[in-house]
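Trainee: As input, take run-v5.csv (CSV, C-alpha atoms and all ligand atoms):
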chain,number,residue,atom,x,y,z
T,1,MET,CA,139.4,157.5,56.7
T,2,GLN,CA,141.8,154.7,57.8
T,3,HIS,CA,140.3,151.3,58.2
T,4,SER,CA,141.1,151.2,61.9
T,5,GLY,CA,141.0,154.8,62.8
T,6,ASP,CA,141.5,156.1,66.3
T,7,ILE,CA,139.5,159.2,67.3
T,8,GLY,CA,141.0,159.6,70.7
T,9,ARG,CA,138.7,160.2,73.7
T,10,SER,CA,135.3,161.7,73.2
T,11,THR,CA,132.3,162.3,75.4
T,12,TRP,CA,130.1,160.7,72.8
T,13,ALA,CA,130.7,158.8,69.5
T,14,LEU,CA,128.8,156.9,66.9
T,15,ALA,CA,130.1,154.7,64.1
T,16,LEU,CA,128.2,152.6,61.6
T,17,HIS,CA,128.5,150.3,58.7
T,18,GLY,CA,126.5,149.5,55.6
T,19,GLY,CA,128.1,146.2,54.8
T,20,ALA,CA,131.4,144.9,53.4
T,21,GLY,CA,132.1,143.4,50.0
T,22,SER,CA,134.0,143.0,46.9
T,23,ALA,CA,135.0,145.7,44.3
T,24,ARG,CA,133.4,143.7,41.6
T,25,GLY,CA,129.7,142.8,41.5
T,26,THR,CA,126.3,144.2,40.6
T,27,ASP,CA,126.0,146.3,43.8
T,28,ARG,CA,129.3,148.1,43.3
T,29,ASP,CA,129.1,149.7,39.9
T,30,ASP,CA,129.4,153.3,41.1
T,31,ALA,CA,133.0,153.6,42.5
T,32,ALA,CA,132.2,156.9,44.3
T,33,HIS,CA,129.1,155.4,46.0
T,34,VAL,CA,127.6,158.8,46.3
T,35,GLU,CA,124.1,157.6,47.3
T,36,GLU,CA,125.4,155.2,49.9
T,37,ARG,CA,127.6,157.8,51.4
T,38,ALA,CA,124.6,160.2,51.6
T,39,ALA,CA,122.5,157.6,53.3
T,40,LEU,CA,125.3,156.9,55.8
T,41,ALA,CA,125.5,160.7,56.5
T,42,LEU,CA,121.8,160.9,57.2
T,43,ALA,CA,122.1,158.0,59.6
T,44,LEU,CA,125.1,159.6,61.3
T,45,ASP,CA,123.2,162.9,61.6
T,46,ALA,CA,120.1,161.2,63.1
T,47,GLY,CA,122.0,159.2,65.7
T,48,GLY,CA,124.6,161.9,66.3
T,49,SER,CA,122.1,164.5,67.2
T,50,ILE,CA,120.6,162.2,69.8
T,51,LEU,CA,124.0,161.8,71.4
T,52,ALA,CA,124.9,165.5,71.1
T,53,ASP,CA,121.7,166.3,73.0
T,54,GLY,CA,122.6,163.9,75.8
T,55,GLY,CA,120.4,161.1,74.6
T,56,SER,CA,121.2,157.4,75.1
T,57,SER,CA,123.5,155.2,73.0
T,58,LEU,CA,120.6,152.8,72.7
T,59,ASP,CA,118.4,155.4,71.1
T,60,ALA,CA,121.2,156.5,68.8
T,61,VAL,CA,122.0,153.1,67.4
T,62,GLU,CA,118.3,152.2,67.0
T,63,VAL,CA,117.6,155.5,65.1
T,64,ALA,CA,120.7,155.3,63.0
T,65,VAL,CA,119.9,151.7,62.0
T,66,ARG,CA,116.2,152.7,61.2
T,67,VAL,CA,117.5,155.3,58.8
T,68,LEU,CA,119.5,152.7,57.0
T,69,GLU,CA,116.6,150.2,57.1
T,70,ASP,CA,114.4,152.8,55.3
T,71,SER,CA,117.0,153.2,52.5
T,72,PRO,CA,116.6,150.8,49.6
T,73,LEU,CA,120.4,150.8,49.2
T,74,PHE,CA,121.3,148.5,52.0
T,75,ASN,CA,120.4,144.9,52.8
T,76,ALA,CA,118.1,145.6,55.7
T,77,GLY,CA,114.5,146.6,56.1
T,78,ARG,CA,113.3,148.1,52.8
T,79,GLY,CA,116.4,147.0,50.8
T,80,ALA,CA,116.5,143.4,52.2
T,81,VAL,CA,117.6,140.7,49.8
T,82,PHE,CA,115.3,137.8,48.6
T,83,ASN,CA,115.5,134.4,50.1
T,84,SER,CA,115.2,131.3,47.9
T,85,ALA,CA,111.4,131.4,48.0
T,86,GLY,CA,111.4,134.9,46.6
T,87,GLU,CA,110.5,136.4,50.0
T,88,HIS,CA,112.0,138.5,52.7
T,89,GLU,CA,112.9,137.3,56.1
T,90,LEU,CA,114.6,139.8,58.3
T,91,ASP,CA,117.1,139.5,61.2
T,92,ALA,CA,118.1,142.2,63.7
T,93,SER,CA,119.5,142.5,67.2
T,94,ILE,CA,120.4,145.2,69.7
T,95,MET,CA,122.4,145.2,72.9
T,96,ASP,CA,122.7,147.6,75.9
T,97,GLY,CA,126.2,147.6,77.3
T,98,ARG,CA,125.0,148.6,80.8
T,99,LEU,CA,123.6,145.4,82.1
T,100,LEU,CA,124.1,143.3,79.0
T,101,ARG,CA,120.4,143.5,78.1
T,102,ALA,CA,119.7,142.3,74.6
T,103,GLY,CA,116.8,141.8,72.1
T,104,ALA,CA,116.7,140.1,68.7
T,105,VAL,CA,114.4,138.9,66.0
T,106,ALA,CA,115.0,136.4,63.3
T,107,ALA,CA,113.3,135.4,60.1
T,108,VAL,CA,110.6,137.9,60.6
T,109,ARG,CA,108.4,139.1,57.7
T,110,GLU,CA,106.6,142.3,57.0
T,111,VAL,CA,108.2,144.4,59.7
T,112,LYS,CA,109.5,147.7,58.2
T,113,ASN,CA,112.0,148.3,61.0
T,114,PRO,CA,113.2,145.0,62.6
T,115,ILE,CA,115.6,146.9,64.8
T,116,THR,CA,112.7,148.6,66.6
T,117,LEU,CA,111.1,145.2,67.1
T,118,ALA,CA,114.4,143.8,68.5
T,119,ARG,CA,114.4,146.8,70.9
T,120,ALA,CA,110.9,145.9,71.9
T,121,VAL,CA,111.9,142.3,72.6
T,122,MET,CA,114.6,143.7,74.9
T,123,ASP,CA,112.5,146.4,76.6
T,124,LEU,CA,109.1,144.7,76.9
T,125,THR,CA,109.7,141.0,77.2
T,126,THR,CA,111.7,138.6,79.3
T,127,GLU,CA,113.0,136.9,76.2
T,128,VAL,CA,116.1,137.7,74.1
T,129,LEU,CA,115.2,136.2,70.7
T,130,LEU,CA,111.9,135.9,69.0
T,131,VAL,CA,111.6,134.3,65.5
T,132,GLY,CA,109.1,134.2,62.6
T,133,ASP,CA,105.4,134.3,63.4
T,134,GLY,CA,106.0,134.9,67.1
T,135,ALA,CA,108.1,138.0,66.3
T,136,LEU,CA,105.5,139.2,63.8
T,137,ALA,CA,102.7,138.7,66.4
T,138,LEU,CA,104.6,141.0,68.8
T,139,ALA,CA,105.0,143.6,66.1
T,140,ARG,CA,101.3,143.5,65.5
T,141,ARG,CA,100.5,143.7,69.1
T,142,LEU,CA,102.6,146.8,69.5
T,143,GLY,CA,101.3,148.4,66.4
T,144,LEU,CA,104.7,148.6,64.7
T,145,GLU,CA,104.6,149.6,61.0
T,146,LEU,CA,104.2,146.6,58.7
T,147,ALA,CA,104.5,146.5,54.9
T,148,GLY,CA,103.7,144.1,52.1
T,149,PRO,CA,106.0,142.7,49.4
T,150,ASP,CA,105.9,146.0,47.3
T,151,TRP,CA,107.7,147.9,50.0
T,152,PHE,CA,110.6,145.4,50.0
T,153,PHE,CA,110.7,144.8,46.2
T,154,SER,CA,113.5,146.1,44.0
T,155,GLU,CA,114.6,145.1,40.5
T,156,ARG,CA,118.2,145.1,41.7
T,157,ARG,CA,117.5,142.6,44.5
T,158,TRP,CA,115.4,140.4,42.2
T,159,ARG,CA,118.2,140.3,39.7
T,160,ALA,CA,120.6,139.3,42.4
T,161,LEU,CA,118.3,136.4,43.4
T,162,GLU,CA,118.2,135.2,39.8
T,163,ASP,CA,122.0,135.5,39.6
T,164,ALA,CA,122.4,133.6,42.9
T,165,ARG,CA,120.0,130.9,41.7
T,166,ALA,CA,122.0,130.5,38.5
T,167,ALA,CA,125.3,130.4,40.6
T,168,ALA,CA,123.9,127.9,43.1
T,169,SER,CA,125.3,125.1,41.0
T,170,ARG,CA,128.7,126.5,41.6
T,171,PRO,CA,129.2,126.3,45.4
T,172,ASP,CA,132.9,127.2,45.0
T,173,GLU,CA,131.7,130.8,44.4
T,174,PRO,CA,130.4,131.9,47.8
T,175,PRO,CA,128.7,135.3,48.2
T,176,ARG,CA,131.2,138.2,48.3
T,177,ASP,CA,128.9,141.1,48.8
T,178,PHE,CA,127.3,142.0,52.1
T,179,SER,CA,125.3,145.1,52.8
T,180,THR,CA,123.9,144.5,56.2
T,181,VAL,CA,123.8,147.6,58.4
T,182,GLY,CA,125.0,148.2,62.0
T,183,ALA,CA,125.8,150.9,64.5
T,184,VAL,CA,127.8,151.3,67.7
T,185,ALA,CA,127.5,154.2,70.1
T,186,LEU,CA,128.9,155.6,73.3
T,187,ASP,CA,126.8,158.2,75.1
T,188,CYS,CA,127.7,161.0,77.5
T,189,ASP,CA,126.9,158.8,80.5
T,190,GLY,CA,129.6,156.3,79.3
T,191,HIS,CA,127.1,153.6,78.1
T,192,LEU,CA,127.8,151.6,75.0
T,193,ALA,CA,125.2,150.0,72.7
T,194,ALA,CA,125.3,148.1,69.4
T,195,ALA,CA,122.7,147.3,66.8
T,196,THR,CA,122.6,145.3,63.6
T,197,SER,CA,119.9,144.6,60.9
T,198,THR,CA,119.9,142.5,57.8
T,199,GLY,CA,117.9,140.7,55.1
T,200,GLY,CA,120.5,137.9,55.3
T,201,LEU,CA,122.0,136.4,52.3
T,202,THR,CA,120.4,136.4,48.8
T,203,ASN,CA,118.9,132.9,48.0
T,204,LYS,CA,119.1,131.8,51.6
T,205,PRO,CA,116.7,129.0,52.5
T,206,PRO,CA,113.5,130.0,54.4
T,207,GLY,CA,114.2,129.9,58.1
T,208,ARG,CA,117.9,130.5,57.8
T,209,VAL,CA,119.2,132.7,60.7
T,210,GLY,CA,122.4,134.7,60.3
T,211,ASP,CA,124.8,136.3,62.7
T,212,SER,CA,123.0,139.6,62.7
T,213,ALA,CA,120.2,138.2,64.9
T,214,LEU,CA,122.6,136.5,67.3
T,215,ILE,CA,124.1,138.2,70.3
T,216,GLY,CA,127.8,137.5,70.4
T,217,ALA,CA,128.0,136.9,66.7
T,218,GLY,CA,126.8,139.9,64.8
T,219,THR,CA,126.2,142.2,67.8
T,220,TYR,CA,127.7,142.7,71.2
T,221,ALA,CA,128.0,145.6,73.7
T,222,SER,CA,129.4,145.7,77.2
T,223,ASP,CA,130.3,148.9,79.1
T,224,VAL,CA,133.4,147.2,80.5
T,225,SER,CA,134.8,146.6,77.0
T,226,CYS,CA,133.3,147.7,73.7
T,227,ALA,CA,130.4,147.6,71.3
T,228,VAL,CA,130.7,145.7,68.1
T,229,SER,CA,128.5,145.2,64.9
T,230,ALA,CA,129.6,142.8,62.2
T,231,THR,CA,128.8,142.1,58.5
T,232,GLY,CA,129.9,139.3,56.2
T,233,SER,CA,129.4,135.6,55.7
T,234,GLY,CA,127.0,134.9,58.5
T,235,GLU,CA,127.7,131.2,59.1
T,236,HIS,CA,131.4,132.0,59.6
T,237,LEU,CA,130.7,135.0,61.8
T,238,ILE,CA,128.5,132.7,64.0
T,239,ARG,CA,131.1,130.0,64.2
T,240,ALA,CA,133.7,132.6,65.2
T,241,THR,CA,131.4,134.4,67.7
T,242,ILE,CA,133.2,137.3,66.3
T,243,ALA,CA,131.5,140.2,68.2
T,244,ARG,CA,131.9,138.6,71.7
T,245,ASP,CA,135.4,137.4,70.7
T,246,ILE,CA,136.5,141.0,70.1
T,247,ALA,CA,134.9,142.1,73.4
T,248,ALA,CA,136.5,139.3,75.3
T,249,ALA,CA,140.0,140.1,73.9
T,250,VAL,CA,139.5,143.7,75.1
T,251,GLU,CA,137.9,142.8,78.4
T,252,LEU,CA,139.9,139.7,79.5
T,253,GLY,CA,143.0,139.9,77.2
T,254,GLY,CA,143.7,143.6,77.7
T,255,TYR,CA,144.1,144.1,74.0
T,256,ASP,CA,143.3,147.4,72.3
T,257,LEU,CA,140.4,147.4,70.0
T,258,ALA,CA,142.3,147.5,66.7
T,259,THR,CA,144.5,144.6,67.7
T,260,ALA,CA,141.5,142.6,68.9
T,261,ILE,CA,139.7,143.2,65.6
T,262,ALA,CA,142.7,142.4,63.5
T,263,ALA,CA,143.1,139.1,65.3
T,264,ALA,CA,139.4,138.2,64.9
T,265,LEU,CA,139.5,139.0,61.2
T,266,ARG,CA,142.6,136.8,60.8
T,267,ARG,CA,140.8,133.9,62.4
T,268,LEU,CA,137.7,134.6,60.3
T,269,ARG,CA,139.9,134.4,57.1
T,270,VAL,CA,141.4,131.1,58.3
T,271,ILE,CA,138.0,129.5,58.5
T,272,GLY,CA,137.0,130.9,55.1
T,273,GLY,CA,134.9,133.8,56.2
T,274,LEU,CA,134.6,137.2,54.7
T,275,GLY,CA,133.5,140.4,56.3
T,276,GLY,CA,134.1,143.4,58.5
T,277,VAL,CA,133.3,145.0,61.8
T,278,VAL,CA,132.8,148.4,63.4
T,279,ALA,CA,133.6,148.7,67.0
T,280,LEU,CA,133.8,151.4,69.7
T,281,ASP,CA,135.4,151.1,73.1
T,282,ARG,CA,134.5,152.6,76.5
T,283,ASN,CA,137.0,155.5,75.9
T,284,GLY,CA,135.3,156.5,72.6
T,285,ARG,CA,137.9,154.9,70.4
T,286,ILE,CA,136.4,153.8,67.1
T,287,ALA,CA,137.9,151.0,65.0
T,288,PHE,CA,136.8,149.5,61.6
T,289,ASP,CA,138.4,146.7,59.8
T,290,PHE,CA,137.4,144.2,57.0
T,291,ASN,CA,139.0,141.5,55.0
T,292,THR,CA,137.0,142.4,51.9
T,293,ASP,CA,137.8,145.1,49.3
T,294,LEU,CA,135.5,147.7,50.8
T,295,MET,CA,133.2,148.4,53.7
T,296,PHE,CA,130.6,151.2,53.8
T,297,ARG,CA,131.2,153.0,57.0
T,298,GLY,CA,130.9,156.3,58.8
T,299,MET,CA,131.6,158.0,62.1
T,300,VAL,CA,130.9,161.1,64.1
T,301,ALA,CA,131.9,162.1,67.6
T,302,ALA,CA,131.7,165.0,70.0
T,303,ASP,CA,135.1,166.3,68.8
T,304,GLN,CA,135.1,164.9,65.3
T,305,PRO,CA,133.1,165.9,62.2
T,306,ARG,CA,131.0,163.4,60.4
T,307,ARG,CA,133.0,161.2,58.0
T,308,THR,CA,132.0,158.5,55.6
T,309,ALA,CA,134.2,156.0,53.8
T,310,VAL,CA,134.0,153.1,51.4
T,311,TRP,CA,137.4,152.0,50.2
T,312,ARG,CA,140.3,150.9,52.5
T,313,ASP,CA,142.2,154.1,52.1
T,314,ASP,CA,139.3,156.6,52.2
O,401,LIG,N1,126.0,138.8,57.9
O,401,LIG,C1,124.8,138.8,57.2
O,401,LIG,C2,124.2,137.4,57.2
O,401,LIG,O1,124.9,136.4,57.0
O,401,LIG,C3,124.9,139.2,55.8
O,401,LIG,C4,125.6,140.6,55.6
O,401,LIG,O2,126.5,141.0,56.4
O,401,LIG,O3,125.2,141.3,54.6
O,401,LIG,O4,123.0,137.3,57.4
What would you get if you wrote out this structure as structure tokens?
Ligand code: ASP

Mentor:
Amino acid sequence: MQHSGDIGRSTWALALHGGAGSARGTDRDDAAHVEERAALALALDAGGSILADGGSSLDAVEVAVRVLEDSPLFNAGRGAVFNSAGEHELDASIMDGRLLRAGAVAAVREVKNPITLARAVMDLTTEVLLVGDGALALARRLGLELAGPDWFFSERRWRALEDARAAASRPDEPPRDFSTVGAVALDCDGHLAAATSTGGLTNKPPGRVGDSALIGAGTYASDVSCAVSATGSGEHLIRATIARDIAAAVELGGYDLATAIAAALRRLRVIGGLGGVVALDRNGRIAFDFNTDLMFRGMVAADQPRRTAVWRDD
């Protein structure tokens, strides 16, 4: 699958990512990435069947992201990375392209599926972003599923924390592996939606909020332009307001999606950022691009079979 593929027009479409990163590194030992591809396929099936049945893009992105949050393979929900205190603080956001409604949570603990909590913030409150204990209180009030540290623990993530602590004295070696998850969808009614969920960066300080919780940075959707979900070095993605930047280039600049993304990634590189995006425009055209070695990604559409990809030329 080309890194900025074009599927042509579709009545519905879904694309997702499971993070971008480097070829080297502890997370990337299995070059075939069989398990990650299988998890992406499950998420595509879950979200795709909603769209095929005439369901909404919002439901599709939420469900697809939930599947990836429940997988220990990606840095979201169950597979979230550890912060510097050896704990998990989760960020997620979701956006409805119809009327630019949005919901997000940041630095929230214990919530198994932060994307569903973000959706609840959007649907049930007048706020856009709830953080920390306030977000957890809403999850409790709604009876969302909570879990203790065992659910979120994995040896692999703990080792990554130890490695990151050891490397902290070498600030010239910034993180190069990102496995945040995200999804974008277009439904049969022509509505776009985007969703992103993450554990953030390994060894981040408690209270740190990344791009995945911020509308316009990690997530954006507007029916008049496109839906975007990003992954990568969050501070750079925030400074670049990358998701909104891409949507603005499409909406106001008249650029096609692939051109808008390429320009945004060039700017990201200039400021020292690493990462990738998945995006989908109002005509059902999907585009992926990244300035890292690889990005876990997948797509399915009304007229296109399910496909997953990892390397640039997959
Ligand atoms: N963008 C995420 C963050 O900085 C990390 C990732 O993409 O994996 O929180």

Trainee: Residues within 8 Å of ligand LIG 401 (chain O), counting only C-alpha atoms and all ligand atoms: report them as a list of chain:residue names.

Mentor: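 The neighbouring residues of ligand LIG 401 (chain O) are, in order, T:Gly19, T:Ala20, T:Asn75, T:Asp91, T:Asp177, T:Phe178, T:Ser179, T:Thr180, T:Val181, T:Thr198, T:Gly199, T:Gly200, T:Leu201, T:Val209, T:Gly210, T:Asp211, T:Ser212, T:Gly218, T:Ala230, T:Thr231, T:Gly232, T:Ser233, T:Gly234, T:Glu235, T:Leu237, T:Gly275.
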
Trainee: Deliver the residues from the most recent selection as a file, using C-alpha atoms, as an mmCIF file, in the coordinates of the input.

Mentor:
data_model
loop_
_atom_site.group_PDB
_atom_site.id
_atom_site.type_symbol
_atom_site.label_atom_id
_atom_site.label_comp_id
_atom_site.auth_asym_id
_atom_site.auth_seq_id
_atom_site.Cartn_x
_atom_site.Cartn_y
_atom_site.Cartn_z
ATOM 1 C CA GLY T 19 128.100 146.200 54.800
ATOM 2 C CA ALA T 20 131.400 144.900 53.400
ATOM 3 C CA ASN T 75 120.400 144.900 52.800
ATOM 4 C CA ASP T 91 117.100 139.500 61.200
ATOM 5 C CA ASP T 177 128.900 141.100 48.800
ATOM 6 C CA PHE T 178 127.300 142.000 52.100
ATOM 7 C CA SER T 179 125.300 145.100 52.800
ATOM 8 C CA THR T 180 123.900 144.500 56.200
ATOM 9 C CA VAL T 181 123.800 147.600 58.400
ATOM 10 C CA THR T 198 119.900 142.500 57.800
ATOM 11 C CA GLY T 199 117.900 140.700 55.100
ATOM 12 C CA GLY T 200 120.500 137.900 55.300
ATOM 13 C CA LEU T 201 122.000 136.400 52.300
ATOM 14 C CA VAL T 209 119.200 132.700 60.700
ATOM 15 C CA GLY T 210 122.400 134.700 60.300
ATOM 16 C CA ASP T 211 124.800 136.300 62.700
ATOM 17 C CA SER T 212 123.000 139.600 62.700
ATOM 18 C CA GLY T 218 126.800 139.900 64.800
ATOM 19 C CA ALA T 230 129.600 142.800 62.200
ATOM 20 C CA THR T 231 128.800 142.100 58.500
ATOM 21 C CA GLY T 232 129.900 139.300 56.200
ATOM 22 C CA SER T 233 129.400 135.600 55.700
ATOM 23 C CA GLY T 234 127.000 134.900 58.500
ATOM 24 C CA GLU T 235 127.700 131.200 59.100
ATOM 25 C CA LEU T 237 130.700 135.000 61.800
ATOM 26 C CA GLY T 275 133.500 140.400 56.300
#

Trainee: Atom CA of Ala213 of chain T to atom CA of Thr116 of chain T: how many Å, to one decimal?

Mentor: 12.9 Å

Trainee: Hey, what's within 7 Å of Ile115 of chain T if we count all atoms listed in the file and toss same-chain stuff fewer than 4 positions away? As a PyMOL selection string, please?

Mentor: chain T and resi 62+66+92-93+119+197

Trainee: Output C-alpha atoms of each residue in that selection to a file, as a PDB file, keeping the file's coordinate frame.

Mentor:
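Result written to result33.pdb:
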ATOM      1  CA  GLU T  62     118.300 152.200  67.000  1.00  0.00           C
ATOM      2  CA  ARG T  66     116.200 152.700  61.200  1.00  0.00           C
ATOM      3  CA  ALA T  92     118.100 142.200  63.700  1.00  0.00           C
ATOM      4  CA  SER T  93     119.500 142.500  67.200  1.00  0.00           C
ATOM      5  CA  ARG T 119     114.400 146.800  70.900  1.00  0.00           C
ATOM      6  CA  SER T 197     119.900 144.600  60.900  1.00  0.00           C
TER       7      SER T 197
END

Trainee: Go through segment 67-171 of chain T and flag each residue having an atom no more than 7 Å from segment 220-223 of chain T; for those, report the closest pair of atoms plus their distance in Å to one decimal, using all atoms listed in the file, ordered by chain and rising number, as JSON lines.

Mentor:
{"residue": "T:Met95", "atom": "CA", "partner": "T:Ala221", "partner_atom": "CA", "distance": 5.7}
{"residue": "T:Asp96", "atom": "CA", "partner": "T:Ala221", "partner_atom": "CA", "distance": 6.1}
{"residue": "T:Gly97", "atom": "CA", "partner": "T:Ser222", "partner_atom": "CA", "distance": 3.7}
{"residue": "T:Arg98", "atom": "CA", "partner": "T:Asp223", "partner_atom": "CA", "distance": 5.6}
{"residue": "T:Leu100", "atom": "CA", "partner": "T:Ser222", "partner_atom": "CA", "distance": 6.1}

Trainee: Those selected residues, please, written with C-alpha atoms and delivered as a short mmCIF file (atom, residue, chain, number, x, y, z; two decimals), in the frame of the given file.

Mentor:
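The new file selection_2.cif reads:
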data_model
loop_
_atom_site.label_atom_id
_atom_site.label_comp_id
_atom_site.auth_asym_id
_atom_site.auth_seq_id
_atom_site.Cartn_x
_atom_site.Cartn_y
_atom_site.Cartn_z
CA MET T 95 122.40 145.20 72.90
CA ASP T 96 122.70 147.60 75.90
CA GLY T 97 126.20 147.60 77.30
CA ARG T 98 125.00 148.60 80.80
CA LEU T 100 124.10 143.30 79.00
#

Trainee: Which of these residues is nearest to Ala247 of chain T, using only C-alpha atoms: T:Leu268, T:Leu136, T:Leu192, T:Ala118?

Mentor: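 Closest residue, counting only C-alpha atoms: T:Leu192.
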
Trainee: For Thr292 of chain T, which of T:Ile94, T:Val250, T:Ala76, T:Val277 is the closest residue, counting only C-alpha atoms?

Mentor: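 Looking only at the distances to Thr292 of chain T, the closest residue turns out to be T:Val277.
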
Trainee: Measuring atom to atom with all atoms listed in the file, identify which of T:Val67, T:Ile286, T:Ala227, T:Leu129 is nearest to Ala39 of chain T.

Mentor: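 Of T:Val67, T:Ile286, T:Ala227, T:Leu129, the one nearest Ala39 of chain T is T:Val67, counting all atoms listed in the file.
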
Trainee: When distances are computed from only C-alpha atoms, which of T:Ile238, T:Leu117, T:Ala60, T:Ala309 shows the smallest separation from Leu146 of chain T?

Mentor: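 For Leu146 of chain T, the nearest of the candidates is T:Leu117.
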
Trainee: Could you check how far atom CA of Gly132 of chain T sits from atom CA of Ala106 of chain T, in Å to one decimal?

Mentor: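 Result for atom CA of Gly132 of chain T versus atom CA of Ala106 of chain T: 6.3 Å, one decimal.
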
Trainee: Which one of T:Arg312, T:Glu155, T:Leu58, T:Asp245 sits closest to Ala120 of chain T if you count only C-alpha atoms?

Mentor: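 For Ala120 of chain T, the nearest of the given residues is T:Leu58.
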
Trainee: Can you tell me how far atom CA of Ala248 of chain T sits from atom CA of Leu265 of chain T, in Å to one decimal?

Mentor: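 Atom CA of Leu265 of chain T lies at a distance of 14.4 Å from atom CA of Ala248 of chain T.
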
Trainee: T:Ala194, T:Ala240, T:Ala23, T:Val105: which is nearest Gly272 of chain T, counting all atoms listed in the file?

Mentor: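 Result for the nearest residue to Gly272 of chain T: T:Ala240.
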
Trainee: Write out as a list of chain:residue names the residues lying within 6 Å of Thr219 of chain T, counting only C-alpha atoms and excluding same-chain residues fewer than 4 positions away.

Mentor: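 Within the cut-off, the hits are T:Ile215, T:Val228, T:Ser229, T:Ala243.
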
Trainee: Name the residues in contact with segment 14-16 of chain T at a cut-off of 10 Å, using all atoms listed in the file, excluding same-chain residues fewer than 2 positions from it; report them as JSON, numbers by chain.

Mentor: {"T": [12, 18, 19, 40, 41, 43, 44, 45, 47, 48, 51, 57, 60, 61, 64, 65, 68, 181, 182, 183, 184, 185, 186, 187, 192, 193, 194, 195, 196, 228, 229, 230, 277, 278, 279, 280, 284, 285, 286, 287, 288, 296, 297, 298, 299, 300, 301, 302, 306, 307, 308]}
